[in-house]
>>> print(open('start.cif').read())   # mmCIF, C-alpha atoms
data_target
loop_
_atom_site.label_atom_id
_atom_site.label_comp_id
_atom_site.auth_asym_id
_atom_site.auth_seq_id
_atom_site.Cartn_x
_atom_site.Cartn_y
_atom_site.Cartn_z
CA MET A 1 -1.81 204.61 -15.32
CA LYS A 2 -1.14 201.00 -16.22
CA SER A 3 1.51 200.25 -18.83
CA LEU A 4 0.85 198.03 -21.84
CA THR A 5 3.47 195.62 -20.48
CA SER A 6 1.51 195.32 -17.23
CA ILE A 7 -1.69 194.63 -19.15
CA LEU A 8 -0.11 191.92 -21.29
CA ARG A 9 1.48 190.31 -18.24
CA ASN A 10 -1.89 190.09 -16.52
CA LEU A 11 -3.54 188.77 -19.66
CA ALA A 12 -0.93 186.03 -19.91
CA ALA A 13 -1.46 185.11 -16.28
CA ARG A 14 -5.14 184.56 -16.98
CA LEU A 15 -4.64 182.14 -19.88
CA THR A 16 -4.82 179.20 -17.49
CA ARG A 17 -8.53 178.73 -16.94
CA VAL A 18 -10.18 176.70 -14.23
CA ARG A 19 -13.05 174.46 -15.25
CA VAL A 20 -16.18 175.16 -13.24
CA PRO A 21 -16.90 171.99 -11.22
CA THR A 22 -19.88 169.75 -11.76
CA ASP A 23 -20.00 168.53 -8.16
CA THR A 24 -23.38 168.05 -6.58
CA ILE A 25 -24.67 171.34 -5.24
CA PRO A 26 -25.48 171.24 -1.50
CA PRO A 27 -29.25 170.67 -1.38
CA ASN A 28 -29.91 173.59 0.97
CA TRP A 29 -28.08 176.18 -1.15
CA PRO A 30 -30.77 177.04 -3.75
CA GLN A 31 -33.43 177.86 -1.18
CA LEU A 32 -30.94 179.61 1.11
CA VAL A 33 -29.51 181.78 -1.66
CA ARG A 34 -32.87 182.75 -3.13
CA ARG A 35 -34.12 183.70 0.33
CA GLN A 36 -31.04 185.67 1.33
CA VAL A 37 -30.20 187.17 -2.09
CA PRO A 38 -33.48 187.75 -4.02
CA LEU A 39 -31.55 189.08 -7.01
CA ILE A 40 -30.37 185.55 -7.76
CA ALA A 41 -33.95 184.41 -8.36
CA LEU A 42 -34.04 186.62 -11.48
CA LEU A 43 -31.39 184.48 -13.17
CA PRO A 44 -32.34 181.66 -15.55
CA SER A 45 -32.00 178.24 -13.93
CA ALA A 46 -28.85 177.42 -15.92
CA ASP A 47 -27.17 180.60 -14.71
CA GLN A 48 -28.19 179.87 -11.13
CA GLU A 49 -26.61 176.45 -11.40
CA ARG A 50 -23.40 177.95 -12.80
CA LEU A 51 -23.39 180.46 -9.96
CA PHE A 52 -23.64 177.70 -7.36
CA HIS A 53 -20.69 175.88 -8.93
CA ILE A 54 -18.58 179.06 -8.97
CA MET A 55 -19.47 179.49 -5.31
CA GLN A 56 -18.18 176.00 -4.61
CA LEU A 57 -14.79 176.97 -6.06
CA PHE A 58 -14.76 180.28 -4.26
CA LEU A 59 -15.54 178.78 -0.87
CA LYS A 60 -12.86 176.12 -1.33
CA GLU A 61 -10.24 178.70 -2.24
CA VAL A 62 -11.01 181.61 0.10
CA PRO A 63 -10.98 181.12 3.89
CA PHE A 64 -13.58 182.98 6.00
CA GLU A 65 -13.09 184.11 9.58
CA GLY A 66 -15.67 185.37 12.06
CA CYS A 67 -14.53 188.40 14.05
CA GLY A 68 -15.86 190.36 17.00
CA GLY A 69 -17.55 187.32 18.47
CA LEU A 70 -19.44 186.38 15.29
CA GLU A 71 -20.17 182.68 14.89
CA LEU A 72 -19.32 181.91 11.29
CA ARG A 73 -22.39 179.99 10.08
CA GLU A 74 -22.92 178.44 6.66
CA GLU A 75 -25.64 181.02 6.00
CA ILE A 76 -23.10 183.83 6.29
CA GLN A 77 -20.51 182.26 4.00
CA VAL A 78 -23.05 181.25 1.35
CA THR A 79 -24.77 184.65 1.35
CA ILE A 80 -21.47 186.46 0.86
CA ALA A 81 -20.20 183.98 -1.74
CA ALA A 82 -23.42 184.25 -3.77
CA GLN A 83 -23.01 187.99 -4.12
CA ALA A 84 -19.26 187.95 -4.70
CA CYS A 85 -19.63 185.27 -7.37
CA MET A 86 -22.54 187.06 -9.04
CA LEU A 87 -19.95 189.49 -10.40
CA LEU A 88 -18.12 186.55 -12.00
CA LEU A 89 -21.14 184.77 -13.43
CA LYS A 90 -20.23 185.16 -17.11
CA MET A 91 -16.53 185.83 -16.72
CA PRO A 92 -13.81 183.22 -17.27
CA TYR A 93 -12.65 181.71 -13.99
CA PRO A 94 -10.46 182.33 -12.03
CA ARG A 95 -10.81 185.95 -10.95
CA TYR A 96 -10.27 187.48 -7.51
CA GLY A 97 -6.66 186.38 -7.75
CA ARG A 98 -5.73 188.78 -4.96
CA VAL A 99 -8.39 187.67 -2.46
CA ARG A 100 -6.73 185.81 0.41
CA ARG A 101 -9.26 185.98 3.25
CA VAL A 102 -12.72 187.28 4.14
CA LEU A 103 -13.21 188.64 7.66
CA VAL A 104 -16.79 189.06 8.86
CA TYR A 105 -17.89 191.18 11.83
CA PRO A 106 -21.39 191.11 13.34
CA SER A 107 -22.11 194.61 11.98
CA ALA A 108 -20.33 197.83 11.00
CA PHE A 109 -16.87 197.92 12.55
CA VAL A 110 -14.21 200.46 13.43
CA PRO A 111 -10.79 199.22 12.30
CA LYS A 112 -7.60 200.64 13.76
CA THR A 113 -6.56 201.80 10.32
CA GLN A 114 -7.89 201.77 6.80
CA HIS A 115 -6.31 202.06 3.37
CA SER A 116 -6.68 205.37 1.55
CA TYR A 117 -7.01 204.89 -2.20
CA ARG A 118 -6.16 208.55 -2.70
CA SER A 119 -2.85 208.66 -0.81
CA ASN A 120 -2.08 204.92 -0.79
CA GLN A 121 -1.42 205.27 2.93
CA LEU A 122 -2.95 203.85 6.11
CA VAL A 123 -5.16 206.36 7.90
CA SER A 124 -7.31 206.33 11.03
CA PRO A 125 -11.01 205.96 10.20
CA ASP A 126 -13.41 208.50 11.70
CA GLU A 127 -16.56 206.37 11.64
CA PRO A 128 -17.67 202.72 11.53
CA LEU A 129 -17.25 200.98 8.18
CA THR A 130 -19.52 198.43 6.52
CA GLY A 131 -16.74 196.96 4.42
CA GLN A 132 -13.10 197.19 3.39
CA ALA A 133 -10.94 195.78 0.62
CA TRP A 134 -7.17 195.77 1.14
CA PRO A 135 -4.44 195.46 -1.50
CA SER A 136 -3.08 192.55 0.57
CA GLY A 137 -6.18 190.55 -0.39
CA VAL A 138 -8.26 190.85 2.77
CA VAL A 139 -11.94 191.73 2.45
CA VAL A 140 -13.70 192.84 5.64
CA LEU A 141 -17.50 192.94 5.91
CA GLY A 142 -20.18 193.69 8.48
CA TRP A 143 -22.74 190.85 8.45
CA GLU A 144 -25.81 192.96 9.24
CA GLU A 145 -24.97 195.31 6.38
CA VAL A 146 -24.30 192.38 4.07
CA LYS A 147 -27.65 190.83 4.92
CA ASP A 148 -29.62 194.08 4.62
CA GLY A 149 -27.91 195.03 1.36
CA ALA A 150 -28.69 191.67 -0.21
CA LEU A 151 -32.37 191.84 0.72
CA ALA A 152 -32.74 195.43 -0.54
CA SER A 153 -31.73 194.39 -4.03
CA ASN A 154 -32.91 197.48 -5.92
CA ASP A 155 -31.55 200.43 -3.94
CA GLY A 156 -28.14 200.62 -5.64
CA HIS A 157 -26.22 199.83 -2.45
CA ASN A 158 -24.55 196.50 -1.80
CA VAL A 159 -21.42 196.24 0.32
CA VAL A 160 -20.35 192.87 -1.11
CA PHE A 161 -20.62 194.09 -4.71
CA HIS A 162 -18.72 197.21 -3.70
CA GLU A 163 -15.80 195.55 -1.93
CA PHE A 164 -15.40 192.73 -4.44
CA ALA A 165 -15.46 195.25 -7.28
CA HIS A 166 -12.40 196.71 -5.56
CA MET A 167 -10.82 193.26 -5.63
CA LEU A 168 -11.43 193.00 -9.37
CA ASP A 169 -9.91 196.46 -9.76
CA VAL A 170 -6.74 195.57 -7.83
CA GLU A 171 -5.99 192.37 -9.77
CA ASP A 172 -3.26 194.32 -11.59
CA ASP A 173 -1.90 195.66 -8.28
CA ARG A 174 -3.59 199.09 -8.44
CA PHE A 175 -6.81 200.57 -7.15
CA ASP A 176 -7.49 202.90 -10.08
CA GLY A 177 -10.86 201.95 -11.55
CA THR A 178 -9.42 199.95 -14.44
CA PRO A 179 -9.67 196.17 -13.95
CA VAL A 180 -7.82 193.58 -15.99
CA LEU A 181 -9.55 193.49 -19.37
CA ASP A 182 -9.93 190.75 -21.97
CA SER A 183 -7.51 192.23 -24.49
CA ALA A 184 -4.88 194.90 -24.73
CA SER A 185 -6.85 196.54 -27.52
CA SER A 186 -9.75 197.20 -25.18
CA TYR A 187 -7.55 199.01 -22.67
CA HIS A 188 -7.36 202.35 -24.49
CA ALA A 189 -11.10 202.42 -25.12
CA TRP A 190 -11.83 201.65 -21.47
CA VAL A 191 -9.49 204.31 -20.09
CA THR A 192 -10.76 206.98 -22.48
CA GLN A 193 -14.46 206.31 -21.98
CA TRP A 194 -14.17 205.55 -18.27
CA SER A 195 -12.30 208.80 -17.67
CA ALA A 196 -15.07 210.72 -19.40
CA GLU A 197 -17.78 208.99 -17.36
CA PHE A 198 -15.91 209.60 -14.13
CA ALA A 199 -15.45 213.29 -14.97
CA GLU A 200 -19.16 213.59 -15.72
CA HIS A 201 -20.07 211.99 -12.41
CA VAL A 202 -17.75 214.36 -10.55
CA ARG A 203 -19.35 217.31 -12.35
CA ARG A 204 -22.84 216.18 -11.39
CA VAL A 205 -21.90 215.72 -7.77
CA GLU A 206 -20.19 219.11 -7.59
CA VAL A 207 -23.31 220.93 -8.86
CA ASN A 208 -25.68 218.76 -6.78
CA GLU A 209 -27.24 217.27 -9.89
CA SER A 210 -29.26 214.10 -9.48
CA THR A 211 -27.42 210.92 -10.43
CA VAL A 212 -28.19 207.21 -10.33
CA LEU A 213 -24.78 206.61 -8.77
CA ASP A 214 -23.93 207.23 -5.15
CA PRO A 215 -22.09 210.59 -4.88
CA TYR A 216 -19.32 208.70 -3.06
CA GLY A 217 -18.23 207.51 -6.49
CA ALA A 218 -16.83 210.98 -7.13
CA THR A 219 -14.14 210.40 -4.48
CA ASN A 220 -11.73 208.78 -6.96
CA ARG A 221 -11.72 206.32 -9.87
CA ALA A 222 -11.50 203.26 -7.62
CA GLU A 223 -14.64 204.25 -5.74
CA PHE A 224 -16.33 205.17 -9.01
CA PHE A 225 -15.82 201.63 -10.31
CA ALA A 226 -17.12 200.11 -7.07
CA VAL A 227 -20.19 202.40 -6.91
CA ALA A 228 -20.92 201.89 -10.62
CA THR A 229 -20.78 198.11 -10.10
CA GLU A 230 -23.37 198.38 -7.32
CA ALA A 231 -25.71 200.34 -9.59
CA PHE A 232 -25.10 198.06 -12.56
CA PHE A 233 -26.36 195.02 -10.70
CA GLU A 234 -29.00 196.63 -8.47
CA THR A 235 -30.49 199.47 -10.56
CA PRO A 236 -29.54 198.46 -14.11
CA VAL A 237 -32.56 199.90 -15.93
CA GLU A 238 -32.07 203.30 -14.32
CA LEU A 239 -28.31 203.25 -14.98
CA ARG A 240 -28.80 202.30 -18.63
CA SER A 241 -31.31 205.09 -19.11
CA ASN A 242 -29.32 207.73 -17.24
CA GLN A 243 -25.77 206.82 -18.25
CA PRO A 244 -25.94 204.50 -21.28
CA ARG A 245 -22.24 204.68 -22.16
CA LEU A 246 -21.24 203.72 -18.64
CA TYR A 247 -23.77 200.89 -18.68
CA THR A 248 -22.36 199.58 -21.96
CA LEU A 249 -18.80 199.59 -20.60
CA LEU A 250 -19.87 197.57 -17.57
CA ALA A 251 -21.99 195.18 -19.64
CA GLU A 252 -19.00 194.45 -21.85
CA PHE A 253 -16.73 193.90 -18.85
CA PHE A 254 -19.09 191.69 -16.83
CA LYS A 255 -20.53 190.06 -19.99
CA LEU A 256 -24.02 190.56 -18.55
CA ASP A 257 -27.06 192.69 -19.39
CA PRO A 258 -28.96 192.82 -16.09
CA ALA A 259 -31.38 195.49 -17.37
CA LEU A 260 -32.54 193.16 -20.13
CA LEU A 261 -32.81 190.32 -17.64
CA LEU A 262 -34.89 192.42 -15.25
CA GLU A 263 -37.19 193.67 -17.99
CA GLY A 264 -37.68 190.12 -19.24
CA ARG A 265 -38.81 189.01 -15.79
CA ARG A 266 -41.20 191.95 -15.51
CA ALA A 267 -42.81 191.26 -18.91
#
>>> encode(input="start.cif", output="structure tokens")
Amino acid sequence: MKSLTSILRNLAARLTRVRVPTDTIPPNWPQLVRRQVPLIALLPSADQERLFHIMQLFLKEVPFEGCGGLELREEIQVTIAAQACMLLLKMPYPRYGRVRRVLVYPSAFVPKTQHSYRSNQLVSPDEPLTGQAWPSGVVVLGWEEVKDGALASNDGHNVVFHEFAHMLDVEDDRFDGTPVLDSASSYHAWVTQWSAEFAEHVRRVEVNESTVLDPYGATNRAEFFAVATEAFFETPVELRSNQPRLYTLLAEFFKLDPALLLEGRRA
């Protein structure tokens, strides 16, 4: 569990804000992003513009590398950045302070080792992975899974949302499902309510009860936060209806109400 000292230290580190740039947005970005990430088209035009500017910062700060023979095209970088920055849309910048590099494979990959959030050790994976997030700040993604997940924007599964939620979680050096919050006073409320929501999800999974969240979220608190983030952005109406307290926690953290946004577009 995080100490109050750790929380305050992280809060102090975030006092230096970065102004979102007003540089000209590359003319091909709007059409490219709306085609590759349909979810973005639901945003008001002002929010889309802010997203593009956050993406400009992100792409300047975070190097990308193609792996496994993948040619790293602009389409790949912009598609990933759009989804990663969607999580930051209403949050003060900077975030992702631990992200150092994004590695992109053509599709699901089999790394030599992977990090276990349960044991905090390196273990040998037993199947191909679609994504990874390492405490060292490396995010690894499979491009085909990224592309498919972005296009299927209402199935509750999105590898970029998942892995970058982990990178928000680890900003205080721990994968434990509790990201850096806006104030120390909000920490106790988050831990108490989040623990209850996690326990409820574990209970549902253990008795094979239907849940909006992927059962994988019952693995540990870090995976619960990542899975809940996927559902919050992709199936917000269902999450709000099924788990309203969890939805409220996430809405307060991300400073977004995607269910309201989606309903407004449907009206």
>>> resolve_selection(input="start.cif", expression="the PyMOL selection byres ((chain A and resi 202) around 10)", output="PyMOL selection string")
chain A and resi 196-201+203-209+215-220+224
>>> atom_distance(input="start.cif", atom1="atom CA of A:Leu239", atom2="atom CA of A:Glu145")
23.0 Å
>>> closest_residue(input="start.cif", among="A:Asp169, A:Leu39, A:Leu151, A:Pro106", to="A:Arg73", atoms="all atoms listed in the file")
A:Pro106
>>> resolve_selection(input="start.cif", expression="the PyMOL selection byres ((chain A and resi 36) around 9)", output="PyMOL selection string")
chain A and resi 31-35+37-38+75+79+147+150-151
>>> residues_near_point(input="start.cif", point="(-6.9, 190.4, -0.9)", cutoff="9 Å", atoms="only C-alpha atoms", output="list in words")
Tyr96, Gly97, Arg98, Val99, Arg100, Arg101, Val102, Ala133, Trp134, Pro135, Ser136, Gly137, Val138, Val139, Met167 and Val170 of chain A
>>> residues_around(input="start.cif", residues="stretch 45-47 of chain A", least_positions_apart="3", cutoff="12 Å", atoms="all atoms listed in the file", output="ChimeraX atom specification")
/A:30,34,40-42,50-54,85-86,88-90,256,261
>>> atom_distance(input="start.cif", atom1="atom CA of A:Asp155", atom2="atom CA of A:Tyr105")
22.8 Å
>>> build_atoms(input="start.cif", residues="stretch 80-91 of chain A", atoms="all heavy atoms", output="PDB file, keeping the file's coordinate frame")
ATOM      1  N   ILE A  80     -22.553 185.620   1.380  1.00  0.00           N
ATOM      2  CA  ILE A  80     -21.470 186.460   0.860  1.00  0.00           C
ATOM      3  C   ILE A  80     -20.945 185.907  -0.460  1.00  0.00           C
ATOM      4  O   ILE A  80     -20.741 186.643  -1.434  1.00  0.00           O
ATOM      5  CB  ILE A  80     -20.340 186.574   1.890  1.00  0.00           C
ATOM      6  CG1 ILE A  80     -20.827 187.377   3.108  1.00  0.00           C
ATOM      7  CG2 ILE A  80     -19.100 187.232   1.281  1.00  0.00           C
ATOM      8  CD1 ILE A  80     -19.877 187.359   4.277  1.00  0.00           C
ATOM      9  N   ALA A  81     -20.733 184.597  -0.517  1.00  0.00           N
ATOM     10  CA  ALA A  81     -20.200 183.980  -1.740  1.00  0.00           C
ATOM     11  C   ALA A  81     -21.143 184.179  -2.917  1.00  0.00           C
ATOM     12  O   ALA A  81     -20.692 184.405  -4.044  1.00  0.00           O
ATOM     13  CB  ALA A  81     -19.950 182.498  -1.502  1.00  0.00           C
ATOM     14  N   ALA A  82     -22.446 184.088  -2.675  1.00  0.00           N
ATOM     15  CA  ALA A  82     -23.420 184.250  -3.770  1.00  0.00           C
ATOM     16  C   ALA A  82     -23.285 185.627  -4.411  1.00  0.00           C
ATOM     17  O   ALA A  82     -23.315 185.766  -5.642  1.00  0.00           O
ATOM     18  CB  ALA A  82     -24.833 184.038  -3.254  1.00  0.00           C
ATOM     19  N   GLN A  83     -23.122 186.646  -3.580  1.00  0.00           N
ATOM     20  CA  GLN A  83     -23.010 187.990  -4.120  1.00  0.00           C
ATOM     21  C   GLN A  83     -21.648 188.233  -4.762  1.00  0.00           C
ATOM     22  O   GLN A  83     -21.557 188.829  -5.843  1.00  0.00           O
ATOM     23  CB  GLN A  83     -23.262 189.001  -2.997  1.00  0.00           C
ATOM     24  CG  GLN A  83     -24.684 188.941  -2.465  1.00  0.00           C
ATOM     25  CD  GLN A  83     -24.850 189.752  -1.197  1.00  0.00           C
ATOM     26  OE1 GLN A  83     -25.092 190.955  -1.253  1.00  0.00           O
ATOM     27  NE2 GLN A  83     -24.698 189.093  -0.052  1.00  0.00           N
ATOM     28  N   ALA A  84     -20.587 187.780  -4.116  1.00  0.00           N
ATOM     29  CA  ALA A  84     -19.260 187.950  -4.700  1.00  0.00           C
ATOM     30  C   ALA A  84     -19.151 187.251  -6.044  1.00  0.00           C
ATOM     31  O   ALA A  84     -18.573 187.781  -7.002  1.00  0.00           O
ATOM     32  CB  ALA A  84     -18.203 187.409  -3.735  1.00  0.00           C
ATOM     33  N   CYS A  85     -19.730 186.056  -6.145  1.00  0.00           N
ATOM     34  CA  CYS A  85     -19.630 185.270  -7.370  1.00  0.00           C
ATOM     35  C   CYS A  85     -20.607 185.733  -8.443  1.00  0.00           C
ATOM     36  O   CYS A  85     -20.434 185.416  -9.627  1.00  0.00           O
ATOM     37  CB  CYS A  85     -19.832 183.794  -7.066  1.00  0.00           C
ATOM     38  SG  CYS A  85     -18.517 183.105  -6.023  1.00  0.00           S
ATOM     39  N   MET A  86     -21.633 186.481  -8.057  1.00  0.00           N
ATOM     40  CA  MET A  86     -22.540 187.060  -9.040  1.00  0.00           C
ATOM     41  C   MET A  86     -21.769 187.939 -10.021  1.00  0.00           C
ATOM     42  O   MET A  86     -22.060 187.967 -11.222  1.00  0.00           O
ATOM     43  CB  MET A  86     -23.618 187.889  -8.321  1.00  0.00           C
ATOM     44  CG  MET A  86     -24.600 188.571  -9.246  1.00  0.00           C
ATOM     45  SD  MET A  86     -25.735 187.396 -10.012  1.00  0.00           S
ATOM     46  CE  MET A  86     -26.809 188.529 -10.901  1.00  0.00           C
ATOM     47  N   LEU A  87     -20.756 188.640  -9.526  1.00  0.00           N
ATOM     48  CA  LEU A  87     -19.950 189.490 -10.400  1.00  0.00           C
ATOM     49  C   LEU A  87     -19.192 188.675 -11.443  1.00  0.00           C
ATOM     50  O   LEU A  87     -18.848 189.178 -12.505  1.00  0.00           O
ATOM     51  CB  LEU A  87     -18.958 190.317  -9.581  1.00  0.00           C
ATOM     52  CG  LEU A  87     -19.499 191.208  -8.458  1.00  0.00           C
ATOM     53  CD1 LEU A  87     -18.398 192.106  -7.932  1.00  0.00           C
ATOM     54  CD2 LEU A  87     -20.694 192.019  -8.906  1.00  0.00           C
ATOM     55  N   LEU A  88     -18.927 187.404 -11.129  1.00  0.00           N
ATOM     56  CA  LEU A  88     -18.120 186.550 -12.000  1.00  0.00           C
ATOM     57  C   LEU A  88     -18.950 185.633 -12.888  1.00  0.00           C
ATOM     58  O   LEU A  88     -18.385 184.817 -13.615  1.00  0.00           O
ATOM     59  CB  LEU A  88     -17.190 185.669 -11.153  1.00  0.00           C
ATOM     60  CG  LEU A  88     -16.369 186.342 -10.063  1.00  0.00           C
ATOM     61  CD1 LEU A  88     -15.467 185.309  -9.393  1.00  0.00           C
ATOM     62  CD2 LEU A  88     -15.552 187.493 -10.610  1.00  0.00           C
ATOM     63  N   LEU A  89     -20.260 185.765 -12.832  1.00  0.00           N
ATOM     64  CA  LEU A  89     -21.140 184.770 -13.430  1.00  0.00           C
ATOM     65  C   LEU A  89     -20.782 184.424 -14.868  1.00  0.00           C
ATOM     66  O   LEU A  89     -20.759 183.251 -15.250  1.00  0.00           O
ATOM     67  CB  LEU A  89     -22.592 185.257 -13.360  1.00  0.00           C
ATOM     68  CG  LEU A  89     -23.643 184.312 -13.933  1.00  0.00           C
ATOM     69  CD1 LEU A  89     -23.668 182.989 -13.176  1.00  0.00           C
ATOM     70  CD2 LEU A  89     -25.022 184.974 -13.898  1.00  0.00           C
ATOM     71  N   LYS A  90     -20.507 185.409 -15.694  1.00  0.00           N
ATOM     72  CA  LYS A  90     -20.230 185.160 -17.110  1.00  0.00           C
ATOM     73  C   LYS A  90     -18.757 185.351 -17.469  1.00  0.00           C
ATOM     74  O   LYS A  90     -18.388 185.280 -18.640  1.00  0.00           O
ATOM     75  CB  LYS A  90     -21.075 186.105 -17.969  1.00  0.00           C
ATOM     76  CG  LYS A  90     -22.580 185.897 -17.847  1.00  0.00           C
ATOM     77  CD  LYS A  90     -23.004 184.561 -18.419  1.00  0.00           C
ATOM     78  CE  LYS A  90     -24.521 184.435 -18.443  1.00  0.00           C
ATOM     79  NZ  LYS A  90     -24.962 183.151 -19.034  1.00  0.00           N
ATOM     80  N   MET A  91     -17.937 185.584 -16.462  1.00  0.00           N
ATOM     81  CA  MET A  91     -16.530 185.830 -16.720  1.00  0.00           C
ATOM     82  C   MET A  91     -15.738 184.531 -16.623  1.00  0.00           C
ATOM     83  O   MET A  91     -16.112 183.635 -15.865  1.00  0.00           O
ATOM     84  CB  MET A  91     -15.989 186.856 -15.719  1.00  0.00           C
ATOM     85  CG  MET A  91     -16.733 188.178 -15.742  1.00  0.00           C
ATOM     86  SD  MET A  91     -16.187 189.321 -14.442  1.00  0.00           S
ATOM     87  CE  MET A  91     -14.629 189.842 -15.130  1.00  0.00           C
TER      88      MET A  91
END
